[in-house]
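Structure data (PDB, C-alpha atoms, pLDDT in the B column) from input.pdb:
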```pdb
MODEL        1
ATOM      1  CA  MET Y  27      16.897  -8.808 -28.683  1.00 53.00           C
ATOM      2  CA  PRO Y  28      20.653  -8.134 -28.581  1.00 56.00           C
ATOM      3  CA  GLY Y  29      21.995  -6.588 -25.373  1.00 64.00           C
ATOM      4  CA  ILE Y  30      18.839  -7.277 -23.322  1.00 83.00           C
ATOM      5  CA  ALA Y  31      18.975  -9.937 -20.622  1.00 93.00           C
ATOM      6  CA  PRO Y  32      16.296 -12.635 -20.961  1.00 96.00           C
ATOM      7  CA  PRO Y  33      13.334 -11.913 -18.674  1.00 98.00           C
ATOM      8  CA  LEU Y  34      13.732 -15.412 -17.215  1.00 98.00           C
ATOM      9  CA  GLU Y  35      16.517 -17.987 -17.241  1.00 98.00           C
ATOM     10  CA  VAL Y  36      16.158 -21.283 -15.374  1.00 98.00           C
ATOM     11  CA  SER Y  37      19.111 -23.671 -15.161  1.00 98.00           C
ATOM     12  CA  ASP Y  38      18.883 -27.266 -13.886  1.00 97.00           C
ATOM     13  CA  LEU Y  39      16.104 -26.381 -11.460  1.00 98.00           C
ATOM     14  CA  THR Y  40      15.109 -29.109  -8.996  1.00 98.00           C
ATOM     15  CA  ARG Y  41      12.501 -28.918  -6.265  1.00 97.00           C
ATOM     16  CA  ARG Y  42      11.560 -31.817  -3.983  1.00 96.00           C
ATOM     17  CA  TYR Y  43       8.860 -32.402  -1.396  1.00 95.00           C
ATOM     18  CA  GLY Y  44      10.374 -35.099   0.781  1.00 94.00           C
ATOM     19  CA  ARG Y  45      11.101 -38.019  -1.518  1.00 93.00           C
ATOM     20  CA  PHE Y  46       8.877 -36.675  -4.291  1.00 95.00           C
ATOM     21  CA  THR Y  47      10.611 -34.675  -7.028  1.00 96.00           C
ATOM     22  CA  ALA Y  48       8.171 -32.063  -8.298  1.00 96.00           C
ATOM     23  CA  VAL Y  49      10.614 -30.382 -10.704  1.00 97.00           C
ATOM     24  CA  ASP Y  50      13.520 -32.380 -12.089  1.00 96.00           C
ATOM     25  CA  ARG Y  51      16.530 -30.528 -13.586  1.00 97.00           C
ATOM     26  CA  LEU Y  52      14.416 -28.109 -15.590  1.00 97.00           C
ATOM     27  CA  SER Y  53      16.115 -25.540 -17.818  1.00 97.00           C
ATOM     28  CA  LEU Y  54      14.409 -22.879 -19.915  1.00 97.00           C
ATOM     29  CA  VAL Y  55      14.942 -19.406 -21.336  1.00 97.00           C
ATOM     30  CA  LEU Y  56      12.132 -16.905 -21.842  1.00 97.00           C
ATOM     31  CA  ARG Y  57      13.246 -14.460 -24.519  1.00 96.00           C
ATOM     32  CA  PRO Y  58      12.467 -10.748 -24.672  1.00 97.00           C
ATOM     33  CA  GLY Y  59       9.266 -10.130 -26.612  1.00 96.00           C
ATOM     34  CA  GLU Y  60       8.000 -13.692 -26.203  1.00 97.00           C
ATOM     35  CA  ILE Y  61       4.905 -15.353 -24.768  1.00 97.00           C
ATOM     36  CA  LEU Y  62       5.903 -18.827 -23.588  1.00 97.00           C
ATOM     37  CA  GLY Y  63       3.252 -21.430 -22.830  1.00 95.00           C
ATOM     38  CA  PHE Y  64       3.887 -23.732 -19.875  1.00 93.00           C
ATOM     39  CA  LEU Y  65       1.805 -26.886 -20.230  1.00 93.00           C
ATOM     40  CA  GLY Y  66       1.455 -30.209 -18.456  1.00 90.00           C
ATOM     41  CA  PRO Y  67      -0.942 -32.608 -16.720  1.00 87.00           C
ATOM     42  CA  ASN Y  68      -1.929 -32.316 -13.063  1.00 83.00           C
ATOM     43  CA  GLY Y  69       1.167 -32.640 -10.895  1.00 86.00           C
ATOM     44  CA  ALA Y  70       3.579 -31.975 -13.754  1.00 91.00           C
ATOM     45  CA  GLY Y  71       5.403 -29.279 -11.782  1.00 93.00           C
ATOM     46  CA  LYS Y  72       4.098 -26.112 -13.448  1.00 94.00           C
ATOM     47  CA  THR Y  73       2.858 -24.288 -10.357  1.00 94.00           C
ATOM     48  CA  THR Y  74       5.875 -25.358  -8.315  1.00 96.00           C
ATOM     49  CA  THR Y  75       8.175 -23.971 -11.010  1.00 97.00           C
ATOM     50  CA  LEU Y  76       6.379 -20.616 -11.045  1.00 97.00           C
ATOM     51  CA  ARG Y  77       6.494 -20.388  -7.249  1.00 96.00           C
ATOM     52  CA  VAL Y  78      10.222 -21.100  -7.217  1.00 97.00           C
ATOM     53  CA  CYS Y  79      10.833 -18.528  -9.962  1.00 97.00           C
ATOM     54  CA  ALA Y  80       8.837 -15.965  -7.965  1.00 96.00           C
ATOM     55  CA  GLY Y  81      10.901 -16.596  -4.843  1.00 96.00           C
ATOM     56  CA  LEU Y  82       8.005 -18.153  -2.917  1.00 95.00           C
ATOM     57  CA  LEU Y  83       9.754 -21.541  -2.699  1.00 96.00           C
ATOM     58  CA  ARG Y  84      13.431 -22.365  -2.451  1.00 96.00           C
ATOM     59  CA  PRO Y  85      14.886 -24.751  -5.016  1.00 97.00           C
ATOM     60  CA  ASP Y  86      16.854 -27.807  -3.941  1.00 97.00           C
ATOM     61  CA  ALA Y  87      19.229 -27.253  -6.848  1.00 97.00           C
ATOM     62  CA  GLY Y  88      19.678 -25.029  -9.870  1.00 97.00           C
ATOM     63  CA  GLU Y  89      19.494 -21.307 -10.534  1.00 97.00           C
ATOM     64  CA  VAL Y  90      16.862 -18.755 -11.495  1.00 98.00           C
ATOM     65  CA  ARG Y  91      17.768 -15.408 -13.066  1.00 98.00           C
ATOM     66  CA  VAL Y  92      15.172 -12.676 -13.595  1.00 98.00           C
ATOM     67  CA  ALA Y  93      16.128  -9.953 -16.087  1.00 97.00           C
ATOM     68  CA  GLY Y  94      19.782 -10.807 -15.487  1.00 96.00           C
ATOM     69  CA  HIS Y  95      19.560 -10.890 -11.669  1.00 97.00           C
ATOM     70  CA  SER Y  96      20.178 -14.066  -9.676  1.00 97.00           C
ATOM     71  CA  LEU Y  97      17.195 -14.852  -7.478  1.00 97.00           C
ATOM     72  CA  ALA Y  98      19.512 -16.498  -4.933  1.00 96.00           C
ATOM     73  CA  ARG Y  99      22.192 -13.788  -4.785  1.00 97.00           C
ATOM     74  CA  GLU Y 100      20.101 -10.683  -5.574  1.00 97.00           C
ATOM     75  CA  PRO Y 101      16.613 -11.585  -4.326  1.00 96.00           C
ATOM     76  CA  LEU Y 102      15.307  -8.045  -3.935  1.00 95.00           C
ATOM     77  CA  ARG Y 103      16.453  -6.919  -7.379  1.00 96.00           C
ATOM     78  CA  ALA Y 104      15.190 -10.101  -9.008  1.00 97.00           C
ATOM     79  CA  ARG Y 105      11.761  -9.942  -7.366  1.00 96.00           C
ATOM     80  CA  ALA Y 106      11.412  -6.268  -8.289  1.00 95.00           C
ATOM     81  CA  LYS Y 107      11.640  -7.325 -11.947  1.00 97.00           C
ATOM     82  CA  LEU Y 108       8.754  -9.797 -11.929  1.00 97.00           C
ATOM     83  CA  GLY Y 109       5.008  -9.880 -11.590  1.00 97.00           C
ATOM     84  CA  LEU Y 110       3.069 -13.014 -10.642  1.00 97.00           C
ATOM     85  CA  VAL Y 111      -0.593 -13.898 -11.083  1.00 96.00           C
ATOM     86  CA  PRO Y 112      -0.852 -17.045  -8.915  1.00 94.00           C
ATOM     87  CA  ASP Y 113      -3.423 -19.791  -9.224  1.00 88.00           C
ATOM     88  CA  ARG Y 114      -4.899 -18.687  -5.882  1.00 86.00           C
ATOM     89  CA  PRO Y 115      -4.468 -14.919  -5.591  1.00 85.00           C
ATOM     90  CA  PHE Y 116      -3.890 -13.437  -2.141  1.00 87.00           C
ATOM     91  CA  LEU Y 117      -5.625 -10.090  -1.796  1.00 94.00           C
ATOM     92  CA  TYR Y 118      -6.255  -7.775   1.141  1.00 94.00           C
ATOM     93  CA  GLU Y 119     -10.005  -8.115   1.314  1.00 94.00           C
ATOM     94  CA  ARG Y 120     -10.562  -5.040   3.495  1.00 96.00           C
ATOM     95  CA  LEU Y 121      -9.168  -2.820   0.745  1.00 97.00           C
ATOM     96  CA  SER Y 122     -10.885  -1.747  -2.443  1.00 97.00           C
ATOM     97  CA  ALA Y 123      -9.310  -2.545  -5.793  1.00 97.00           C
ATOM     98  CA  ARG Y 124      -8.020   1.027  -6.137  1.00 97.00           C
ATOM     99  CA  GLU Y 125      -6.552   0.954  -2.626  1.00 97.00           C
ATOM    100  CA  PHE Y 126      -4.898  -2.390  -3.286  1.00 97.00           C
ATOM    101  CA  LEU Y 127      -3.315  -1.081  -6.477  1.00 97.00           C
ATOM    102  CA  GLU Y 128      -2.073   1.972  -4.561  1.00 97.00           C
ATOM    103  CA  PHE Y 129      -0.515  -0.431  -2.041  1.00 97.00           C
ATOM    104  CA  ILE Y 130       1.221  -2.386  -4.828  1.00 97.00           C
ATOM    105  CA  ALA Y 131       2.518   0.845  -6.365  1.00 97.00           C
ATOM    106  CA  ALA Y 132       4.004   1.868  -3.016  1.00 96.00           C
ATOM    107  CA  ILE Y 133       5.741  -1.498  -2.578  1.00 94.00           C
ATOM    108  CA  TYR Y 134       7.294  -1.279  -6.034  1.00 95.00           C
ATOM    109  CA  GLU Y 135       8.026   2.434  -5.616  1.00 95.00           C
ATOM    110  CA  VAL Y 136       6.061   3.444  -8.694  1.00 96.00           C
ATOM    111  CA  PRO Y 137       5.552   7.235  -8.611  1.00 96.00           C
ATOM    112  CA  ALA Y 138       1.972   8.149  -7.798  1.00 94.00           C
ATOM    113  CA  THR Y 139       1.425  10.126 -10.997  1.00 93.00           C
ATOM    114  CA  ILE Y 140       2.453   7.106 -13.087  1.00 97.00           C
ATOM    115  CA  ALA Y 141       0.751   4.536 -10.871  1.00 97.00           C
ATOM    116  CA  ASN Y 142      -2.602   6.350 -10.894  1.00 96.00           C
ATOM    117  CA  GLY Y 143      -2.679   6.481 -14.668  1.00 97.00           C
ATOM    118  CA  ARG Y 144      -1.718   2.826 -15.024  1.00 97.00           C
ATOM    119  CA  ALA Y 145      -4.268   1.751 -12.416  1.00 97.00           C
ATOM    120  CA  GLU Y 146      -7.117   3.605 -14.102  1.00 97.00           C
ATOM    121  CA  GLY Y 147      -6.083   2.223 -17.473  1.00 97.00           C
ATOM    122  CA  LEU Y 148      -6.026  -1.359 -16.171  1.00 97.00           C
ATOM    123  CA  ILE Y 149      -9.350  -0.950 -14.372  1.00 97.00           C
ATOM    124  CA  ALA Y 150     -10.887   0.240 -17.652  1.00 96.00           C
ATOM    125  CA  ARG Y 151      -9.200  -2.373 -19.870  1.00 96.00           C
ATOM    126  CA  LEU Y 152     -10.222  -5.241 -17.584  1.00 96.00           C
ATOM    127  CA  ASP Y 153     -13.724  -3.804 -17.059  1.00 94.00           C
ATOM    128  CA  LEU Y 154     -13.284  -3.985 -13.285  1.00 93.00           C
ATOM    129  CA  GLU Y 155     -16.599  -2.706 -11.969  1.00 90.00           C
ATOM    130  CA  GLY Y 156     -16.904  -1.636  -8.353  1.00 93.00           C
ATOM    131  CA  ALA Y 157     -13.240  -0.684  -8.055  1.00 96.00           C
ATOM    132  CA  ASN Y 158     -14.098   1.391  -4.975  1.00 96.00           C
ATOM    133  CA  ASP Y 159     -15.881  -1.504  -3.239  1.00 97.00           C
ATOM    134  CA  LEU Y 160     -14.127  -3.779  -0.748  1.00 97.00           C
ATOM    135  CA  ILE Y 161     -12.465  -6.789  -2.355  1.00 97.00           C
ATOM    136  CA  GLU Y 162     -14.285  -9.097   0.102  1.00 96.00           C
ATOM    137  CA  THR Y 163     -17.469  -8.400  -1.911  1.00 96.00           C
ATOM    138  CA  TYR Y 164     -15.929  -9.386  -5.256  1.00 95.00           C
ATOM    139  CA  SER Y 165     -16.721 -12.410  -7.384  1.00 94.00           C
ATOM    140  CA  LEU Y 166     -13.996 -14.876  -8.407  1.00 94.00           C
ATOM    141  CA  GLY Y 167     -13.654 -13.146 -11.760  1.00 94.00           C
ATOM    142  CA  ALA Y 168     -13.341  -9.679 -10.209  1.00 95.00           C
ATOM    143  CA  ARG Y 169     -10.680 -10.944  -7.798  1.00 96.00           C
ATOM    144  CA  GLN Y 170      -8.768 -12.392 -10.735  1.00 95.00           C
ATOM    145  CA  LYS Y 171      -8.916  -9.030 -12.491  1.00 96.00           C
ATOM    146  CA  VAL Y 172      -7.462  -7.313  -9.409  1.00 97.00           C
ATOM    147  CA  SER Y 173      -4.650  -9.865  -9.250  1.00 97.00           C
ATOM    148  CA  ILE Y 174      -3.848  -9.332 -12.926  1.00 97.00           C
ATOM    149  CA  ALA Y 175      -3.912  -5.549 -12.579  1.00 97.00           C
ATOM    150  CA  ALA Y 176      -1.610  -5.728  -9.547  1.00 97.00           C
ATOM    151  CA  ALA Y 177       0.937  -7.835 -11.442  1.00 97.00           C
ATOM    152  CA  LEU Y 178       0.848  -5.510 -14.451  1.00 98.00           C
ATOM    153  CA  LEU Y 179       0.943  -2.187 -12.596  1.00 97.00           C
ATOM    154  CA  PRO Y 180       4.738  -2.099 -11.901  1.00 97.00           C
ATOM    155  CA  ASP Y 181       5.320  -2.983 -15.600  1.00 97.00           C
ATOM    156  CA  PRO Y 182       7.981  -5.643 -14.845  1.00 97.00           C
ATOM    157  CA  PRO Y 183      10.222  -7.249 -17.508  1.00 97.00           C
ATOM    158  CA  LEU Y 184       8.844 -10.665 -16.479  1.00 98.00           C
ATOM    159  CA  LEU Y 185       5.170 -11.518 -16.046  1.00 98.00           C
ATOM    160  CA  MET Y 186       4.188 -15.028 -14.932  1.00 98.00           C
ATOM    161  CA  LEU Y 187       0.575 -16.163 -14.903  1.00 97.00           C
ATOM    162  CA  ASP Y 188      -0.788 -19.417 -13.483  1.00 95.00           C
ATOM    163  CA  GLU Y 189      -4.177 -20.272 -15.020  1.00 90.00           C
ATOM    164  CA  PRO Y 190      -4.891 -16.575 -15.651  1.00 91.00           C
ATOM    165  CA  LEU Y 191      -8.267 -17.019 -17.355  1.00 89.00           C
ATOM    166  CA  THR Y 192      -9.895 -18.586 -14.275  1.00 86.00           C
ATOM    167  CA  GLY Y 193     -13.210 -16.860 -13.621  1.00 89.00           C
ATOM    168  CA  LEU Y 194     -12.858 -14.350 -16.459  1.00 91.00           C
ATOM    169  CA  ASP Y 195     -15.754 -13.674 -18.797  1.00 91.00           C
ATOM    170  CA  PRO Y 196     -15.053 -13.656 -22.553  1.00 91.00           C
ATOM    171  CA  ARG Y 197     -14.629  -9.862 -22.691  1.00 92.00           C
ATOM    172  CA  ALA Y 198     -12.083  -9.825 -19.849  1.00 92.00           C
ATOM    173  CA  ALA Y 199     -10.294 -12.858 -21.288  1.00 92.00           C
ATOM    174  CA  ARG Y 200      -9.924 -11.062 -24.607  1.00 93.00           C
ATOM    175  CA  ALA Y 201      -8.663  -7.928 -22.842  1.00 95.00           C
ATOM    176  CA  LEU Y 202      -6.042  -9.979 -21.008  1.00 95.00           C
ATOM    177  CA  LYS Y 203      -4.862 -11.628 -24.210  1.00 94.00           C
ATOM    178  CA  ASP Y 204      -4.518  -8.212 -25.832  1.00 96.00           C
ATOM    179  CA  LEU Y 205      -2.553  -6.892 -22.827  1.00 96.00           C
ATOM    180  CA  LEU Y 206      -0.175  -9.854 -22.945  1.00 96.00           C
ATOM    181  CA  ARG Y 207       0.422  -9.465 -26.667  1.00 96.00           C
ATOM    182  CA  GLU Y 208       1.077  -5.743 -26.199  1.00 97.00           C
ATOM    183  CA  ARG Y 209       3.678  -6.554 -23.529  1.00 96.00           C
ATOM    184  CA  ALA Y 210       5.435  -8.967 -25.850  1.00 96.00           C
ATOM    185  CA  GLY Y 211       5.375  -6.307 -28.558  1.00 96.00           C
ATOM    186  CA  ARG Y 212       7.313  -4.014 -26.226  1.00 96.00           C
ATOM    187  CA  GLY Y 213      10.053  -6.599 -25.707  1.00 96.00           C
ATOM    188  CA  LEU Y 214       8.865  -7.864 -22.320  1.00 97.00           C
ATOM    189  CA  GLY Y 215       8.520 -11.545 -21.403  1.00 98.00           C
ATOM    190  CA  VAL Y 216       5.363 -13.473 -20.509  1.00 98.00           C
ATOM    191  CA  LEU Y 217       5.159 -17.006 -19.100  1.00 98.00           C
ATOM    192  CA  VAL Y 218       1.646 -18.478 -19.133  1.00 96.00           C
ATOM    193  CA  SER Y 219       0.804 -21.718 -17.355  1.00 93.00           C
ATOM    194  CA  THR Y 220      -2.568 -22.974 -18.552  1.00 84.00           C
ATOM    195  CA  HIS Y 221      -4.631 -26.107 -19.019  1.00 77.00           C
ATOM    196  CA  LEU Y 222      -6.518 -24.451 -21.880  1.00 78.00           C
ATOM    197  CA  LEU Y 223      -4.533 -25.799 -24.809  1.00 84.00           C
ATOM    198  CA  GLU Y 224      -6.565 -23.928 -27.402  1.00 81.00           C
ATOM    199  CA  VAL Y 225      -5.644 -20.666 -25.650  1.00 79.00           C
ATOM    200  CA  ALA Y 226      -1.967 -21.587 -25.687  1.00 86.00           C
ATOM    201  CA  GLU Y 227      -2.242 -22.469 -29.361  1.00 85.00           C
ATOM    202  CA  ARG Y 228      -3.695 -19.063 -30.227  1.00 83.00           C
ATOM    203  CA  LEU Y 229      -1.645 -16.925 -27.843  1.00 89.00           C
ATOM    204  CA  CYS Y 230       1.832 -18.374 -27.336  1.00 93.00           C
ATOM    205  CA  ASP Y 231       4.924 -18.057 -29.502  1.00 94.00           C
ATOM    206  CA  ARG Y 232       6.504 -21.174 -28.036  1.00 94.00           C
ATOM    207  CA  ALA Y 233       5.461 -23.894 -25.610  1.00 94.00           C
ATOM    208  CA  ILE Y 234       7.122 -26.151 -23.073  1.00 95.00           C
ATOM    209  CA  ILE Y 235       5.403 -29.386 -22.070  1.00 94.00           C
ATOM    210  CA  LEU Y 236       6.214 -30.814 -18.638  1.00 94.00           C
ATOM    211  CA  HIS Y 237       5.578 -34.379 -17.507  1.00 92.00           C
ATOM    212  CA  HIS Y 238       6.527 -35.755 -14.090  1.00 92.00           C
ATOM    213  CA  GLY Y 239       8.566 -32.615 -13.454  1.00 94.00           C
ATOM    214  CA  ARG Y 240      10.661 -32.954 -16.601  1.00 95.00           C
ATOM    215  CA  LYS Y 241      10.598 -31.057 -19.862  1.00 95.00           C
ATOM    216  CA  VAL Y 242       9.470 -33.495 -22.562  1.00 93.00           C
ATOM    217  CA  ALA Y 243       9.053 -31.034 -25.443  1.00 92.00           C
ATOM    218  CA  GLU Y 244       9.849 -27.435 -26.345  1.00 94.00           C
ATOM    219  CA  GLY Y 245       9.487 -25.331 -29.451  1.00 93.00           C
ATOM    220  CA  THR Y 246       7.193 -23.188 -31.523  1.00 91.00           C
ATOM    221  CA  LEU Y 247       3.785 -24.685 -32.099  1.00 87.00           C
ATOM    222  CA  ASP Y 248       4.678 -25.496 -35.711  1.00 88.00           C
ATOM    223  CA  GLU Y 249       7.920 -27.146 -34.565  1.00 91.00           C
ATOM    224  CA  LEU Y 250       6.096 -29.274 -32.014  1.00 89.00           C
ATOM    225  CA  ARG Y 251       3.494 -30.383 -34.529  1.00 86.00           C
ATOM    226  CA  ARG Y 252       6.104 -31.247 -37.167  1.00 86.00           C
ATOM    227  CA  ALA Y 253       8.368 -33.064 -34.715  1.00 84.00           C
ATOM    228  CA  HIS Y 254       5.585 -35.276 -33.462  1.00 80.00           C
ATOM    229  CA  GLY Y 255       3.549 -35.625 -36.646  1.00 79.00           C
ATOM    230  CA  GLU Y 256       0.415 -34.303 -34.989  1.00 74.00           C
ATOM    231  CA  ALA Y 257      -2.216 -31.886 -36.264  1.00 74.00           C
ATOM    232  CA  THR Y 258      -2.795 -29.793 -33.144  1.00 81.00           C
ATOM    233  CA  LEU Y 259      -1.098 -28.858 -29.890  1.00 83.00           C
ATOM    234  CA  GLU Y 260      -3.652 -31.014 -28.081  1.00 84.00           C
ATOM    235  CA  ASP Y 261      -2.609 -34.005 -30.197  1.00 84.00           C
ATOM    236  CA  VAL Y 262       1.043 -33.379 -29.327  1.00 87.00           C
ATOM    237  CA  PHE Y 263       0.206 -32.990 -25.644  1.00 87.00           C
ATOM    238  CA  LEU Y 264      -1.783 -36.208 -25.488  1.00 86.00           C
ATOM    239  CA  ALA Y 265       0.878 -38.151 -27.371  1.00 86.00           C
ATOM    240  CA  LEU Y 266       3.619 -37.018 -25.001  1.00 87.00           C
ATOM    241  CA  THR Y 267       1.636 -37.683 -21.816  1.00 83.00           C
ATOM    242  CA  ARG Y 268      -0.351 -40.723 -22.963  1.00 74.00           C
ATOM    243  CA  GLU Y 269       1.246 -43.211 -20.566  1.00 54.00           C
ATOM    244  CA  SER Y 270      -0.096 -41.309 -17.543  1.00 42.00           C
ATOM    245  CA  GLY Y 271      -3.705 -41.671 -18.620  1.00 43.00           C
ATOM    246  CA  GLU Y 272      -4.293 -38.049 -17.653  1.00 44.00           C
ATOM    247  CA  GLU Y 273      -6.223 -35.418 -19.494  1.00 43.00           C
ATOM    248  CA  PRO Y 274      -4.923 -31.907 -20.177  1.00 40.00           C
ATOM    249  CA  ARG Y 275      -4.852 -29.506 -17.223  1.00 41.00           C
TER
ENDMDL
END
```
Exercise: express the given structure as structure tokens:
Amino acid sequence: MPGIAPPLEVSDLTRRYGRFTAVDRLSLVLRPGEILGFLGPNGAGKTTTLRVCAGLLRPDAGEVRVAGHSLAREPLRARAKLGLVPDRPFLYERLSAREFLEFIAAIYEVPATIANGRAEGLIARLDLEGANDLIETYSLGARQKVSIAAALLPDPPLLMLDEPLTGLDPRAARALKDLLRERAGRGLGVLVSTHLLEVAERLCDRAIILHHGRKVAEGTLDELRRAHGEATLEDVFLALTRESGEEPR
């Protein structure tokens, strides 16, 4: 969309753990109104990339820009423009879901009148029962719903999700997919890291495949299939990562 900064720009990103390079000179652009799938085997660097882009880890090299703001030079502005659903959500267990969402709204300075309406809408859409109960009593799926609602409540230009369907029942999974598509329809950006290739095939506009920390393929699903002469995204994935002997994650 002309005149709108990409929700996420990553340039030559590198992150090491000692001698091990988890992410190796990765560049990508998430466009406004796009759902981008982030795929790769175990250890490919997906979660590390999301954590660096969220400001939870520092890169060894490269740059991350969120909605036009440099994460290194404008960390507060950049972080205010993103929402993250991590693979292991951290929640304040002595709060209820409603209280936790009120806490998130206060951090992001969302006016109470707006925040209350959004929170109630998300609780209903995600079918989050027991929203007044303490989070410590919640199942894995209910905790995941709270994490998703918290990331969505500030309505950021960038939403990043790491294995977002973990623990969700089919109804909640469908609700999440609908919410993500609605966000893309409003010109916002969504980055989804998932091992469920069939979900990526149905949901994502484009996909990036990582292997050993490097981008080995990028494009629309039709482009990937044509380029590699394969029938499905799973076929493409397996062909590109065959030498590792790993299965999709």
Seminar exercise, completed: Min atom-atom distance to Pro67 in chain Y from the set Y:Ile161, Y:Ala98, Y:Leu214, Y:Leu223, counting all atoms listed in the file, belongs to Y:Leu223
Problem set entry | Top pick for closest residue to Phe126 in chain Y, considering Y:Ala176, Y:Leu166, Y:Leu83, Y:Val90 and counting all atoms listed in the file | Y:Ala176
Exercise. So, counting all atoms listed in the file, which residue among Y:Gly71, Y:Pro180, Y:Gly44, Y:Gly147 is closest to Tyr134 in chain Y?
Worked result: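 For Tyr134 in chain Y, the nearest of the candidates is Y:Pro180.
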For this session: Decode the PyMOL selection byres ((chain Y and resi 232) around 12) for the given file into explicit residues and return them as a ChimeraX atom specification.
Result: /Y:54-57,59-65,215-218,226-231,233-235,243-251,259
For this session: Can you work out the spacing between CA of Leu110 in chain Y and CA of Leu187 in chain Y in Å, to one decimal?
Result: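 That distance, rounded to one decimal, is 5.9 Å.
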Seminar exercise, completed: Across Y:Arg200, Y:Pro183, Y:Phe116, Y:Arg91, the smallest distance to Gln170 in chain Y, with only C-alpha atoms counted, is shown by Y:Phe116
Exercise. Which residues fall under the PyMOL selection byres ((chain Y and resi 82) around 12) in this file, as a list in words?
Worked result: Thr73, Thr74, Thr75, Leu76, Arg77, Val78, Cys79, Ala80, Gly81, Leu83, Arg84, Pro85, Leu97, Ala98, Pro101, Arg105, Leu110 and Pro112 of chain Y
Expected file: the selected residues, C-alpha atoms, as a short mmCIF file (atom, residue, chain, number, x, y, z; two decimals), keeping the file's coordinate frame:
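Writing done, so here's selection07.cif:
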```
data_model
loop_
_atom_site.label_atom_id
_atom_site.label_comp_id
_atom_site.auth_asym_id
_atom_site.auth_seq_id
_atom_site.Cartn_x
_atom_site.Cartn_y
_atom_site.Cartn_z
CA THR Y 73 2.86 -24.29 -10.36
CA THR Y 74 5.88 -25.36 -8.32
CA THR Y 75 8.18 -23.97 -11.01
CA LEU Y 76 6.38 -20.62 -11.04
CA ARG Y 77 6.49 -20.39 -7.25
CA VAL Y 78 10.22 -21.10 -7.22
CA CYS Y 79 10.83 -18.53 -9.96
CA ALA Y 80 8.84 -15.96 -7.96
CA GLY Y 81 10.90 -16.60 -4.84
CA LEU Y 83 9.75 -21.54 -2.70
CA ARG Y 84 13.43 -22.36 -2.45
CA PRO Y 85 14.89 -24.75 -5.02
CA LEU Y 97 17.20 -14.85 -7.48
CA ALA Y 98 19.51 -16.50 -4.93
CA PRO Y 101 16.61 -11.58 -4.33
CA ARG Y 105 11.76 -9.94 -7.37
CA LEU Y 110 3.07 -13.01 -10.64
CA PRO Y 112 -0.85 -17.05 -8.91
#
```
For this session: Report the distance between CA of Glu155 in chain Y and CA of Asp204 in chain Y in Å, rounded to one decimal place.
Result: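 Pair CA of Glu155 in chain Y / CA of Asp204 in chain Y returns 19.2 Å.
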Exercise. Of the candidates Y:Arg42, Y:Leu202, Y:Ala70, Y:Ile30, which shows the shortest atom-to-atom distance to Gly239 in chain Y, using all atoms listed in the file?
Worked result: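 Residue with the minimum atom-to-atom distance to Gly239 in chain Y: Y:Ala70.
Distances from Y:Asp195, Y:Asp188, Y:Asp113, Y:Glu260 to Ser219 in chain Y were compared using all atoms listed in the file, and the smallest one belongs to Y:Asp188.
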Exercise. By how many Å are CA of Gly156 in chain Y and CA of Leu206 in chain Y apart?
Worked result: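 Between CA of Gly156 in chain Y and CA of Leu206 in chain Y the gap is 23.7 Å.
Against this structure, the PyMOL selection byres ((chain Y and resi 131) around 10) ends up with Glu125, Phe126, Leu127, Glu128, Phe129, Ile130, Ala132, Ile133, Tyr134, Glu135, Val136, Pro137, Ala138, Ile140, Ala141, Asn142, Arg144, Ala145, Ala176, Leu179 and Pro180 of chain Y.
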Exercise. Which residues, written as JSON, numbers by chain, have at least one atom at most 9 Å from Gly69 in chain Y, with all atoms listed in the file counted and residues fewer than 6 positions away on the same chain left out?
Worked result: {"Y": [48, 237, 238, 239]}
